[in-house]
Each structure stands twice: as structure tokens, then as C-alpha cells.
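What follows is the content of input-v1.tsv (TSV, C-alpha atoms).
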chain	number	residue	atom	x	y	z
A	21	MET	CA	8.23	77.14	37.43
A	22	PRO	CA	11.63	78.51	36.54
A	23	HIS	CA	13.74	79.61	39.44
A	24	HIS	CA	14.30	83.30	39.38
A	25	ASP	CA	17.36	83.01	41.54
A	26	ALA	CA	18.76	86.14	40.03
A	27	GLY	CA	16.34	88.08	42.24
A	28	SER	CA	17.96	91.47	42.45
A	29	GLU	CA	18.38	92.00	38.71
A	30	SER	CA	15.42	93.10	36.59
A	31	LEU	CA	14.00	90.81	33.90
A	32	GLY	CA	15.16	93.15	31.14
A	33	LYS	CA	18.71	93.20	32.45
A	34	ARG	CA	18.79	89.40	32.77
A	35	LEU	CA	17.50	88.97	29.22
A	36	LEU	CA	20.10	91.40	27.90
A	37	THR	CA	22.94	89.60	29.70
A	38	LEU	CA	21.63	86.26	28.45
A	39	PHE	CA	21.48	87.48	24.87
A	40	VAL	CA	24.85	89.24	24.87
A	41	THR	CA	26.68	86.31	26.49
A	42	ILE	CA	25.24	83.62	24.23
A	43	PHE	CA	25.47	85.78	21.10
A	44	SER	CA	29.14	86.57	21.67
A	45	ILE	CA	30.23	83.00	22.33
A	46	SER	CA	28.16	81.67	19.43
A	47	ALA	CA	29.81	84.27	17.19
A	48	THR	CA	33.31	83.12	18.07
A	49	ALA	CA	33.40	79.42	18.98
A	50	ASN	CA	32.19	76.47	16.95
A	51	SER	CA	31.81	73.87	19.64
A	52	GLY	CA	28.78	73.17	21.81
A	53	PHE	CA	31.15	72.49	24.68
A	54	ALA	CA	32.59	75.99	24.34
A	55	ILE	CA	29.08	77.38	24.82
A	56	LEU	CA	28.52	75.20	27.90
A	57	SER	CA	31.87	76.25	29.32
A	58	VAL	CA	31.16	79.96	28.85
A	59	MET	CA	27.66	79.57	30.28
A	60	LYS	CA	29.15	77.95	33.37
A	61	ASP	CA	31.68	80.74	33.74
A	62	GLU	CA	29.22	83.58	33.20
A	63	PHE	CA	26.01	82.32	34.84
A	64	VAL	CA	27.36	80.08	37.61
A	65	ARG	CA	30.74	81.49	38.57
A	66	LYS	CA	30.20	85.22	37.94
A	67	ARG	CA	26.48	85.76	38.50
A	68	GLY	CA	25.38	82.78	40.62
A	69	TRP	CA	22.10	82.46	38.69
A	70	PHE	CA	22.21	78.73	39.33
A	71	SER	CA	24.52	76.22	40.99
A	72	GLU	CA	27.33	74.09	39.57
A	73	ASP	CA	25.15	71.03	40.29
A	74	GLN	CA	22.25	72.41	38.27
A	75	MET	CA	24.62	73.21	35.42
A	76	ALA	CA	25.89	69.60	35.46
A	77	ASP	CA	22.28	68.37	35.29
A	78	PHE	CA	21.60	70.70	32.34
A	79	ILE	CA	24.63	69.30	30.53
A	80	ALA	CA	23.31	65.77	31.01
A	81	ILE	CA	19.82	66.76	29.78
A	82	VAL	CA	21.26	68.52	26.74
A	83	GLN	CA	23.49	65.54	25.92
A	84	SER	CA	20.47	63.22	26.03
A	85	THR	CA	18.61	65.24	23.40
A	86	PRO	CA	19.29	65.17	19.65
A	87	GLY	CA	20.20	68.31	17.71
A	88	ALA	CA	22.67	71.13	18.23
A	89	MET	CA	23.98	71.04	21.79
A	90	ALA	CA	24.46	74.80	21.94
A	91	VAL	CA	20.87	75.49	20.89
A	92	ASN	CA	19.45	72.96	23.37
A	93	ALA	CA	21.62	74.35	26.17
A	94	SER	CA	20.44	77.88	25.33
A	95	MET	CA	16.85	76.68	25.49
A	96	VAL	CA	17.21	75.19	28.99
A	97	VAL	CA	19.47	77.86	30.47
A	98	GLY	CA	17.29	80.63	29.03
A	99	TYR	CA	14.22	79.04	30.60
A	100	GLN	CA	15.93	78.69	33.95
A	101	VAL	CA	16.98	82.34	33.95
A	102	ALA	CA	13.81	84.00	32.64
A	103	GLY	CA	11.11	81.50	31.62
A	104	PRO	CA	9.84	80.99	28.03
A	105	LEU	CA	10.94	84.49	27.02
A	106	GLY	CA	14.42	83.62	28.24
A	107	SER	CA	14.44	80.51	26.02
A	108	LEU	CA	13.41	82.54	23.01
A	109	VAL	CA	16.04	85.22	23.63
A	110	ALA	CA	18.80	82.67	24.31
A	111	VAL	CA	18.05	80.52	21.26
A	112	THR	CA	17.86	83.60	19.03
A	113	GLY	CA	21.23	84.76	20.37
A	114	CYS	CA	22.64	81.32	19.67
A	115	ILE	CA	21.49	80.85	16.05
A	116	LEU	CA	21.79	84.41	14.78
A	117	PRO	CA	25.61	84.61	14.46
A	118	PRO	CA	26.13	81.27	12.65
A	119	MET	CA	23.19	81.95	10.33
A	120	VAL	CA	24.35	85.41	9.32
A	121	VAL	CA	28.00	84.38	9.00
A	122	MET	CA	27.12	81.28	7.01
A	123	ILE	CA	24.85	83.21	4.62
A	124	VAL	CA	27.70	85.63	3.92
A	125	VAL	CA	30.35	82.89	3.77
A	126	THR	CA	28.29	80.71	1.42
A	127	ALA	CA	28.22	83.62	-0.98
A	128	PHE	CA	32.04	84.06	-0.93
A	129	TYR	CA	33.32	80.74	0.27
A	130	GLU	CA	36.21	80.01	-2.07
A	131	VAL	CA	38.06	83.16	-1.01
A	132	ILE	CA	37.55	82.50	2.70
A	133	VAL	CA	38.46	78.79	2.78
A	134	GLY	CA	41.68	79.52	0.93
A	135	ASN	CA	42.85	82.24	3.33
A	136	GLU	CA	45.90	81.07	5.27
A	137	PHE	CA	45.49	83.58	8.11
A	138	VAL	CA	41.93	82.42	8.77
A	139	TYR	CA	43.17	78.84	8.81
A	140	LEU	CA	45.99	79.55	11.29
A	141	PHE	CA	43.70	81.49	13.61
A	142	MET	CA	41.13	78.67	13.64
A	143	ARG	CA	43.84	76.10	14.33
A	144	GLY	CA	45.06	78.06	17.35
A	145	MET	CA	41.52	78.18	18.67
A	146	GLN	CA	41.25	74.40	18.26
A	147	LEU	CA	44.26	73.97	20.56
A	148	GLY	CA	42.54	76.15	23.15
A	149	VAL	CA	39.34	74.11	22.84
A	150	VAL	CA	41.26	70.96	23.83
A	151	GLY	CA	42.45	72.62	27.05
A	152	MET	CA	38.96	73.92	27.74
A	153	LEU	CA	37.39	70.48	27.27
A	154	LEU	CA	39.73	69.07	29.90
A	155	ASP	CA	38.38	71.62	32.38
A	156	VAL	CA	34.77	70.66	31.52
A	157	LEU	CA	35.61	66.96	31.91
A	158	LEU	CA	37.25	67.39	35.32
A	159	SER	CA	34.36	69.47	36.68
A	160	LEU	CA	31.76	66.95	35.50
A	161	PHE	CA	33.76	64.04	36.85
A	162	ALA	CA	34.10	65.68	40.27
A	163	ASN	CA	30.33	66.21	40.18
A	164	VAL	CA	29.35	62.57	39.50
A	165	THR	CA	31.81	61.01	41.96
A	166	LYS	CA	30.51	62.89	44.99
A	167	LYS	CA	28.57	59.83	46.22
A	168	GLY	CA	31.08	57.10	45.38
A	169	PHE	CA	33.62	56.31	42.70
A	170	VAL	CA	32.89	52.79	41.46
A	171	TYR	CA	29.54	53.15	39.70
A	172	PRO	CA	30.37	56.36	37.78
A	173	LEU	CA	33.82	55.08	36.85
A	174	VAL	CA	32.47	51.82	35.42
A	175	LEU	CA	29.63	53.57	33.58
A	176	VAL	CA	31.94	56.20	32.06
A	177	ALA	CA	34.33	53.44	30.92
A	178	VAL	CA	31.53	51.37	29.37
A	179	ALA	CA	29.98	54.43	27.67
A	180	PHE	CA	33.38	55.53	26.34
A	181	VAL	CA	34.03	52.09	24.80
A	182	TYR	CA	30.50	52.11	23.33
A	183	ILE	CA	30.99	55.54	21.73
A	184	ARG	CA	34.58	55.29	20.63
A	185	PHE	CA	35.01	51.66	19.63
A	186	LEU	CA	31.59	50.17	18.97
A	187	GLY	CA	30.13	53.21	17.21
A	188	TRP	CA	26.54	52.15	17.86
A	189	PRO	CA	23.70	54.72	17.92
A	190	ILE	CA	23.82	57.15	20.85
A	191	PRO	CA	20.03	57.09	21.63
A	192	TYR	CA	20.38	53.45	22.79
A	193	LEU	CA	23.24	54.48	25.04
A	194	ALA	CA	21.14	57.29	26.56
A	195	ILE	CA	18.27	54.85	27.21
A	196	GLY	CA	20.69	52.26	28.61
A	197	CYS	CA	22.29	54.77	30.98
A	198	ALA	CA	18.90	56.00	32.19
A	199	LEU	CA	17.81	52.38	32.82
A	200	ALA	CA	21.05	51.65	34.67
A	201	GLY	CA	20.24	54.60	36.93
A	202	VAL	CA	16.71	53.30	37.59
A	203	VAL	CA	18.03	49.80	38.37
A	204	LYS	CA	20.66	51.18	40.71
A	205	ALA	CA	18.06	53.31	42.51
A	206	LEU	CA	15.76	50.29	42.96
A	207	LEU	CA	18.57	48.01	44.16
A	208	PHE	CA	19.72	50.52	46.76
A	209	CYS	CA	16.18	51.67	47.42
A	210	ARG	CA	16.31	51.51	51.21
A	211	GLU	CA	19.52	53.47	51.40
A	212	ALA	CA	18.36	56.00	48.83
A	213	SER	CA	14.89	56.61	50.27
A	214	ARG	CA	16.16	57.58	53.69
B	24	MET	CA	6.68	77.73	-0.75
B	25	GLU	CA	6.50	74.00	-1.35
B	26	LEU	CA	10.28	73.88	-1.55
B	27	LEU	CA	10.59	75.76	1.74
B	28	ILE	CA	8.30	73.27	3.48
B	29	GLN	CA	10.34	70.45	2.01
B	30	ILE	CA	13.50	72.06	3.45
B	31	VAL	CA	11.93	72.40	6.90
B	32	LEU	CA	10.84	68.75	6.86
B	33	ALA	CA	14.26	67.56	5.63
B	34	PHE	CA	16.06	69.24	8.51
B	35	MET	CA	13.48	68.07	11.03
B	36	ARG	CA	14.30	64.52	9.95
B	37	VAL	CA	18.02	65.19	10.33
B	38	SER	CA	17.72	66.88	13.72
B	39	VAL	CA	15.63	64.15	15.37
B	40	ILE	CA	18.35	61.55	14.84
B	41	ALA	CA	21.32	63.90	15.33
B	42	PHE	CA	22.64	62.43	18.57
B	43	GLY	CA	26.27	62.40	19.57
B	44	GLY	CA	27.54	65.86	18.79
B	45	ALA	CA	28.51	67.94	15.83
B	46	TYR	CA	30.65	65.44	13.96
B	47	ALA	CA	27.87	62.88	14.04
B	48	ALA	CA	25.53	65.35	12.30
B	49	ILE	CA	27.62	65.81	9.15
B	50	PRO	CA	26.91	62.38	7.61
B	51	LEU	CA	23.20	62.80	8.39
B	52	VAL	CA	23.04	66.13	6.55
B	53	GLU	CA	25.01	64.61	3.68
B	54	ASN	CA	22.57	61.72	3.39
B	55	GLU	CA	19.57	64.05	3.32
B	56	ALA	CA	20.95	66.78	1.02
B	57	VAL	CA	22.95	64.64	-1.44
B	58	THR	CA	21.30	61.20	-1.49
B	59	VAL	CA	17.67	61.65	-0.45
B	60	GLN	CA	16.88	65.12	-1.85
B	61	GLY	CA	19.56	65.39	-4.54
B	62	TRP	CA	19.97	69.09	-3.76
B	63	MET	CA	23.74	69.10	-4.32
B	64	THR	CA	26.65	66.94	-5.45
B	65	TYR	CA	29.05	65.33	-3.03
B	66	GLU	CA	31.78	67.78	-4.12
B	67	GLU	CA	29.63	70.74	-3.15
B	68	PHE	CA	28.91	69.06	0.15
B	69	ALA	CA	32.62	68.53	0.84
B	70	ASP	CA	33.07	72.31	0.75
B	71	LEU	CA	30.56	72.52	3.56
B	72	ILE	CA	32.76	70.40	5.85
B	73	ALA	CA	35.65	72.84	5.37
B	74	LEU	CA	33.32	75.78	5.99
B	75	ASP	CA	32.01	74.20	9.19
B	76	GLU	CA	35.56	74.19	10.52
B	77	ILE	CA	36.16	77.89	10.01
B	78	THR	CA	32.74	79.33	10.82
B	79	PRO	CA	31.39	79.90	14.32
B	80	GLY	CA	28.33	78.27	15.80
B	81	PRO	CA	26.89	74.75	15.96
B	82	ILE	CA	27.73	72.57	12.95
B	83	ILE	CA	24.09	71.56	12.45
B	84	ILE	CA	23.07	75.23	12.16
B	85	ASN	CA	25.97	75.96	9.80
B	86	SER	CA	25.08	72.98	7.63
B	87	ALA	CA	21.38	73.81	7.55
B	88	THR	CA	22.08	77.42	6.62
B	89	PHE	CA	24.52	76.39	3.88
B	90	VAL	CA	22.20	73.81	2.30
B	91	GLY	CA	19.11	76.03	2.64
B	92	MET	CA	20.98	79.00	1.14
B	93	ARG	CA	22.17	76.92	-1.83
B	94	VAL	CA	18.72	75.48	-2.50
B	95	ALA	CA	16.46	78.51	-1.96
B	96	GLY	CA	18.49	81.58	-0.95
B	97	ILE	CA	18.00	83.41	2.35
B	98	PRO	CA	14.40	82.16	2.90
B	99	GLY	CA	15.78	78.65	2.42
B	100	ALA	CA	18.52	79.30	4.97
B	101	ILE	CA	15.96	80.45	7.54
B	102	ALA	CA	13.61	77.53	6.80
B	103	ALA	CA	16.44	75.00	7.16
B	104	THR	CA	17.61	76.46	10.47
B	105	LEU	CA	14.10	76.49	11.94
B	106	GLY	CA	13.61	72.91	10.80
B	107	ALA	CA	16.85	71.93	12.52
B	108	ILE	CA	15.98	73.43	15.92
B	109	LEU	CA	12.22	73.03	16.45
B	110	ILE	CA	11.99	69.37	17.46
B	111	PRO	CA	15.17	69.26	19.60
B	112	CYS	CA	14.05	72.42	21.44
B	113	ALA	CA	10.70	70.81	22.22
B	114	LEU	CA	12.35	67.55	23.34
B	115	VAL	CA	14.88	69.27	25.59
B	116	MET	CA	12.05	71.19	27.30
B	117	VAL	CA	10.14	67.93	27.90
B	118	LEU	CA	13.24	66.40	29.53
B	119	PHE	CA	13.80	69.59	31.52
B	120	LYS	CA	10.21	69.54	32.81
B	121	LEU	CA	10.55	65.87	33.80
B	122	TYR	CA	13.79	66.71	35.55
B	123	SER	CA	12.24	69.65	37.44
B	124	ARG	CA	9.22	67.56	38.42
B	125	PHE	CA	11.13	64.56	39.77
B	126	LYS	CA	14.27	66.28	41.02
B	127	GLY	CA	15.31	64.91	44.41
B	128	SER	CA	13.76	61.45	44.02
B	129	ALA	CA	16.21	58.55	44.29
B	130	ILE	CA	15.42	57.32	40.79
B	131	MET	CA	15.85	60.75	39.21
B	132	ASP	CA	19.15	61.29	41.07
B	133	ASN	CA	20.52	58.01	39.79
B	134	VAL	CA	19.27	58.59	36.26
B	135	MET	CA	20.94	62.02	36.23
B	136	VAL	CA	24.24	60.61	37.53
B	137	SER	CA	24.08	57.93	34.82
B	138	LEU	CA	23.33	60.45	32.08
B	139	LYS	CA	26.18	62.63	33.35
B	140	CYS	CA	28.46	59.61	33.02
B	141	MET	CA	27.36	59.34	29.39
B	142	ALA	CA	28.01	63.06	28.95
B	143	ILE	CA	31.55	62.57	30.30
B	144	ALA	CA	32.15	59.70	27.88
B	145	LEU	CA	30.83	61.77	24.94
B	146	ILE	CA	32.98	64.77	25.85
B	147	ALA	CA	36.01	62.51	26.42
B	148	SER	CA	35.51	61.04	22.96
B	149	THR	CA	35.42	64.52	21.39
B	150	PHE	CA	38.41	65.51	23.52
B	151	VAL	CA	40.49	62.60	22.21
B	152	ARG	CA	39.54	63.27	18.58
B	153	LEU	CA	40.22	67.02	18.83
B	154	ALA	CA	43.48	66.50	20.71
B	155	VAL	CA	44.75	64.12	18.04
B	156	ALA	CA	43.58	66.42	15.23
B	157	ALA	CA	45.15	69.48	16.87
B	158	PHE	CA	48.38	67.63	17.64
B	159	MET	CA	48.78	66.04	14.22
B	160	PRO	CA	47.02	68.13	11.57
B	161	GLY	CA	46.40	65.99	8.49
B	162	GLY	CA	47.24	62.80	10.40
B	163	THR	CA	51.01	63.23	10.73
B	164	LEU	CA	53.18	64.95	13.30
B	165	THR	CA	55.05	67.57	11.28
B	166	SER	CA	57.92	68.14	13.73
B	167	ILE	CA	58.90	67.65	17.37
B	168	GLN	CA	58.91	71.41	17.96
B	169	HIS	CA	55.42	71.71	16.58
B	170	GLY	CA	54.18	68.91	18.82
B	171	VAL	CA	55.70	70.50	21.92
B	172	TYR	CA	54.24	73.88	20.93
B	173	SER	CA	50.75	72.36	20.46
B	174	ILE	CA	50.83	70.69	23.88
B	175	ALA	CA	52.06	73.92	25.47
B	176	VAL	CA	49.14	75.90	24.03
B	177	MET	CA	46.60	73.26	25.10
B	178	ALA	CA	48.10	73.09	28.61
B	179	GLY	CA	48.26	76.88	28.84
B	180	ALA	CA	44.59	77.24	27.90
B	181	PHE	CA	43.66	74.56	30.44
B	182	TYR	CA	45.68	76.28	33.19
B	183	LEU	CA	44.21	79.73	32.51
B	184	ILE	CA	40.62	78.48	32.50
B	185	ARG	CA	40.83	76.05	35.40
B	186	TYR	CA	43.27	77.67	37.81
B	187	ARG	CA	43.22	81.35	36.85
B	188	GLN	CA	39.42	81.30	36.38
B	189	LEU	CA	39.66	83.17	33.08
B	190	SER	CA	36.62	83.18	30.84
B	191	PRO	CA	37.06	80.61	28.01
B	192	LEU	CA	36.19	83.09	25.27
B	193	PRO	CA	39.22	85.43	25.57
B	194	VAL	CA	41.44	82.36	26.09
B	195	MET	CA	40.21	80.86	22.79
B	196	LEU	CA	40.71	84.14	20.94
B	197	GLY	CA	44.16	84.48	22.52
B	198	CYS	CA	45.09	80.99	21.30
B	199	GLY	CA	43.96	81.90	17.78
B	200	ALA	CA	45.94	85.13	17.78
B	201	LEU	CA	49.02	83.41	19.25
B	202	ASN	CA	48.94	80.68	16.64
B	203	LEU	CA	48.55	83.21	13.86
B	204	ALA	CA	51.48	85.26	15.20
B	205	VAL	CA	53.76	82.24	15.78
B	206	CYS	CA	53.07	80.51	12.47
B	207	ALA	CA	53.06	83.68	10.36
B	208	LEU	CA	56.30	85.03	11.86
B	209	LEU	CA	58.36	81.81	11.99

As C-alpha cells - that is how I would like this structure written.
Amino acid sequence: MPHHDAGSESLGKRLLTLFVTIFSISATANSGFAILSVMKDEFVRKRGWFSEDQMADFIAIVQSTPGAMAVNASMVVGYQVAGPLGSLVAVTGCILPPMVVMIVVTAFYEVIVGNEFVYLFMRGMQLGVVGMLLDVLLSLFANVTKKGFVYPLVLVAVAFVYIRFLGWPIPYLAIGCALAGVVKALLFCREASR
Amino acid sequence: MELLIQIVLAFMRVSVIAFGGAYAAIPLVENEAVTVQGWMTYEEFADLIALDEITPGPIIINSATFVGMRVAGIPGAIAATLGAILIPCALVMVLFKLYSRFKGSAIMDNVMVSLKCMAIALIASTFVRLAVAAFMPGGTLTSIQHGVYSIAVMAGAFYLIRYRQLSPLPVMLGCGALNLAVCALL
């Protein structure tokens, strides 16, 4: 069952907020992380629909699934806020802007790609995205190191080397990380099952 | 109709193996659209990469819409997008259900921490690539002033979001407008 933490607000109002928030960020940013960052700001910080911890778990779930991160995040967050209908509304809000824009742009693309003002604006936004990613990274890191530094630090380092320098397929990394978690839980079983 | 089904299936194949973020998806779409299906030439596909950079939304959705639109018009664009989201949406719900069911168990807690570590590494990797690309467009640092300016904008955005609790969206738009103003005026 989804948690309807947002108790006081009506379903219709929640769906509208969900749609408007996801639609507007999807219409302006082109990074999945931007969507996650805005979701955190709007749904966790401003509305308290779910906790920072839950959001961190959602990010991990979304990252372990193939496909567009923003769409997958919309699916999960939408479900959490308002059940299956929430998923449908959130995913629609997420794919509508890029689809419509891309259909128009594909029809006129030479003019748009060549426009210097569009290029400069997009480049400025890229700089902002770098700063925003740092915020996402710090929040996630604070979240995983709550119960000790060593294990997360080693795993992050190993995963980073795997992704950046080895370039092997990500699904194996996801399976490996999940297995590492299982092994750790079993090794420290007594402590963990208290 | 047959073509539309073919488009849906093509993007289902792409989406199932599209792990590792937006930039990992581009070569997969290229393989399917150019090599496997022969829907477009590599030159046409190269235009798509430029378009992905300047259009909003997830790169997989942009790519699917572009290819579908080129192959079969607006119905093709819709078919491609649906193909690209159906399987991942189902998979993410399965994971979410598993997570809800086993939340709080020691094994689930440790698996989630481990997957979050992977998420950090993936985001860090994107962070490094974007920081380098933003700092040195085209692979070279054009001037010291430009480098200092780039770092200042990145740091400013970080400060506003993290310590002033501003919503990322207006900060991003502000960065775009600032860059446009600075580069167009100077």
C-alpha cells in the first residue's frame, strides 16, 4: 500500500501538484538528476510527503533499473504520493514536454541547433547542473554514512573505479552491490537482528 | 501498423539494457536505429546528439521521439516513447514492491545502503564528466577568465541550492540567463 502521508490534502490536489511539478522540471532540465533534485525539494523539503531517507531509497531503486531515470523516478514517487493513478499522472507529466518539444524541434532542427543564444543559455544551465549535482552527492553521502564510514566509502570507491575506469556493464555492478549488502548483513547478522 | 510495432519493439530492446544514465543510452539507440534497423544514416543520428543537448527531458525519450518521428511521423514518435518506458516502468515497480515488502529487514537495509553507494558512484561519474565539459567546452580551456567564471557559476548554484535552500529549477534558469547575458554582452 502506498503511504498517503500527505493526509490533509485531497487526492485531486496532490495529483495536480505532482503533475505541475514534474511537468515543469521536465520541460526545462535535461538531466534525470535535476528531476530527482527538484522532487526532493518540492516533495520532501516543502511538502513533507515523504522523508529524506525514503527519497534516498527511491534514488537507489531508480538507479538500479534500466531506462530513463526521470521516468522511473516519476513512476515510484507518483505511486508513493497517490497510488497507481499517481504513477500515471507523474509519468505523463514527465514524458509530455520532451515528446512535444522534440516533435517540434525535429521538424525545424537546423535552425534551432545553429542558434547561438540557445547554445549560450544551455551552457549556462550546464554550469548550474554541476553545482546541483554536488548538492545531491553530499546529501546521499550523508545518508549512507549514518551507520559507519568504512563500508560505504570502500564500496563507493570500488563502484566509481568500475564505472569510470573499467567501463564494464552497469547491471553487473548493481547485482554485485546488492550481493555485497546481503553478505554484509549475514556476516553481521547478530548485530543487525537485534 | 507493422512499422509501429517494430518501433515499439526496437525501443523496448534499447530500454531494457539502458543502464548507467543518459549518456550510456546514446550508443544503444545508435546501434538499434542505424545498424540493426537501418532507419537512418550515422550523419542523421549525429544531429540527434546535438538536439539531445539543447532539448529538455530524458535523453532516451528525446532519442526515441526523434527516431520515431523520422521513421513514421507523430504516431511513430508516440510508439517509440511508449516502447522506451513500458519495461523500465514495470521493473522499477517490481523493485519498489520488493523494497516496501522487506523494508526494515537487516538484509534489505544493507542492500539499500550498497545500492545507494552505487548511485553515489554513478552520480559522481556524471558530475566529473559534466564538470570537465562545462569547464572546458570542446576539450580546451579557452581562457583563465572563462575558467574562473565557470567555477564561480557552479559554486554559486551549489551555494544557493544547498545553503539558501532555493529550488533547483529557478537556479538553473538563472544560470542560463546569466550565461546568455555575460557571453552576449562581453

Selection: 7 Å around Leu138 (chain B), only C-alpha atoms, excl. self and same-chain fewer than 2 positions, as a list in words: Ala80, Ala194, Cys197 and Ala198 of chain A; Val134, Met135, Val136, Cys140, Met141 and Ala142 of chain B

Spatial sel., origin (33.3, 64.6, 25.9), limit 12 Å, all atoms listed in the file, listed as a PyMOL selection string: (chain A and resi 51-54+56+79-80+83+149-150+152-161+176+179-180+183-184) or (chain B and resi 43-45+139-154)

If you take every atom of region 146-149 of chain B that the file lists and fit an axis-aligned box around them with 5 Å extra on each side, what centre and edge lengths come out in Å to one decimal, as JSON?
{"center_x": 34.5, "center_y": 62.9, "center_z": 23.9, "size_x": 13.0, "size_y": 13.7, "size_z": 15.0}

Contact residues around region 102-118 of chain A with only C-alpha atoms at 7 Å, ignoring same-chain residues under 5 positions, as number ranges by chain: A: 22, 24, 31, 35, 38-39, 42-43, 46-47, 91, 94-96; B: 79-80, 84-85

Option closest in space to chain B, from A:Val64, A:Met59, A:Ala205, A:Val170 [counting all atoms listed in the file]: A:Ala205

Two-atom distance - CA of Ile49 (chain B), CA of Leu203 (chain B) (Å): 27.6 Å

Exercise: residues within 10 Å of coordinate (12.8, 67.2, 6.1), counting only C-alpha atoms, as a PyMOL selection string: chain B and resi 27-38+55-56+59-60+103+106-107

Polymer residues at most 7 Å from Gly201 (chain A), all atoms listed in the file, same-chain spacing of 5 or more positions, as a list in words: Ile130, Asn133, Val134 and Ser137 of chain B

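Note that the spacing between CA of Gly127 (chain B) and CA of Leu114 (chain B) amounts to 21.4 Å.
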
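For the pair CA of Tyr182 (chain A) and CA of Ile195 (chain A), the separation is 13.1 Å.
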
Option closest in space to chain A, from B:Ala157, B:Asn54, B:Gln168, B:Arg187 [counting all atoms listed in the file]: B:Ala157

Selection: 9 Å around region 119-122 of chain B, only C-alpha atoms, excl. self and same-chain fewer than 3 positions, as a compact mmCIF listing (two decimals) with C-alpha atoms, in the coordinates of the input:
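part_25.txt, freshly written:
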# COMPACT_ATOMS: atom_id res chain seq x y z
CA ASP A 77 22.28 68.37 35.29
CA PHE A 78 21.60 70.70 32.34
CA ILE A 81 19.82 66.76 29.78
CA VAL A 82 21.26 68.52 26.74
CA VAL A 96 17.21 75.19 28.99
CA LEU B 114 12.35 67.55 23.34
CA VAL B 115 14.88 69.27 25.59
CA MET B 116 12.05 71.19 27.30
CA PHE B 125 11.13 64.56 39.77
CA LYS B 126 14.27 66.28 41.02
CA MET B 131 15.85 60.75 39.21
CA MET B 135 20.94 62.02 36.23

Would you pick out the contacts of region 90-98 of chain B at 9 Å or less, using all atoms listed in the file, so that residues sharing its chain but fewer than 4 positions from it are not included, and give the list as an mmCIF file with C-alpha atoms, in the frame of the given file?
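out_31.cif, written as the output of this step:
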data_model
loop_
_atom_site.group_PDB
_atom_site.id
_atom_site.type_symbol
_atom_site.label_atom_id
_atom_site.label_comp_id
_atom_site.auth_asym_id
_atom_site.auth_seq_id
_atom_site.Cartn_x
_atom_site.Cartn_y
_atom_site.Cartn_z
ATOM 1 C CA MET A 122 27.120 81.280 7.010
ATOM 2 C CA ILE A 123 24.850 83.210 4.620
ATOM 3 C CA THR A 126 28.290 80.710 1.420
ATOM 4 C CA ALA A 127 28.220 83.620 -0.980
ATOM 5 C CA LEU B 26 10.280 73.880 -1.550
ATOM 6 C CA LEU B 27 10.590 75.760 1.740
ATOM 7 C CA ILE B 30 13.500 72.060 3.450
ATOM 8 C CA VAL B 52 23.040 66.130 6.550
ATOM 9 C CA ALA B 56 20.950 66.780 1.020
ATOM 10 C CA TRP B 62 19.970 69.090 -3.760
ATOM 11 C CA MET B 63 23.740 69.100 -4.320
ATOM 12 C CA PHE B 68 28.910 69.060 0.150
ATOM 13 C CA LEU B 71 30.560 72.520 3.560
ATOM 14 C CA ASN B 85 25.970 75.960 9.800
ATOM 15 C CA SER B 86 25.080 72.980 7.630
ATOM 16 C CA ALA B 102 13.610 77.530 6.800
ATOM 17 C CA ALA B 103 16.440 75.000 7.160
ATOM 18 C CA THR B 104 17.610 76.460 10.470
#
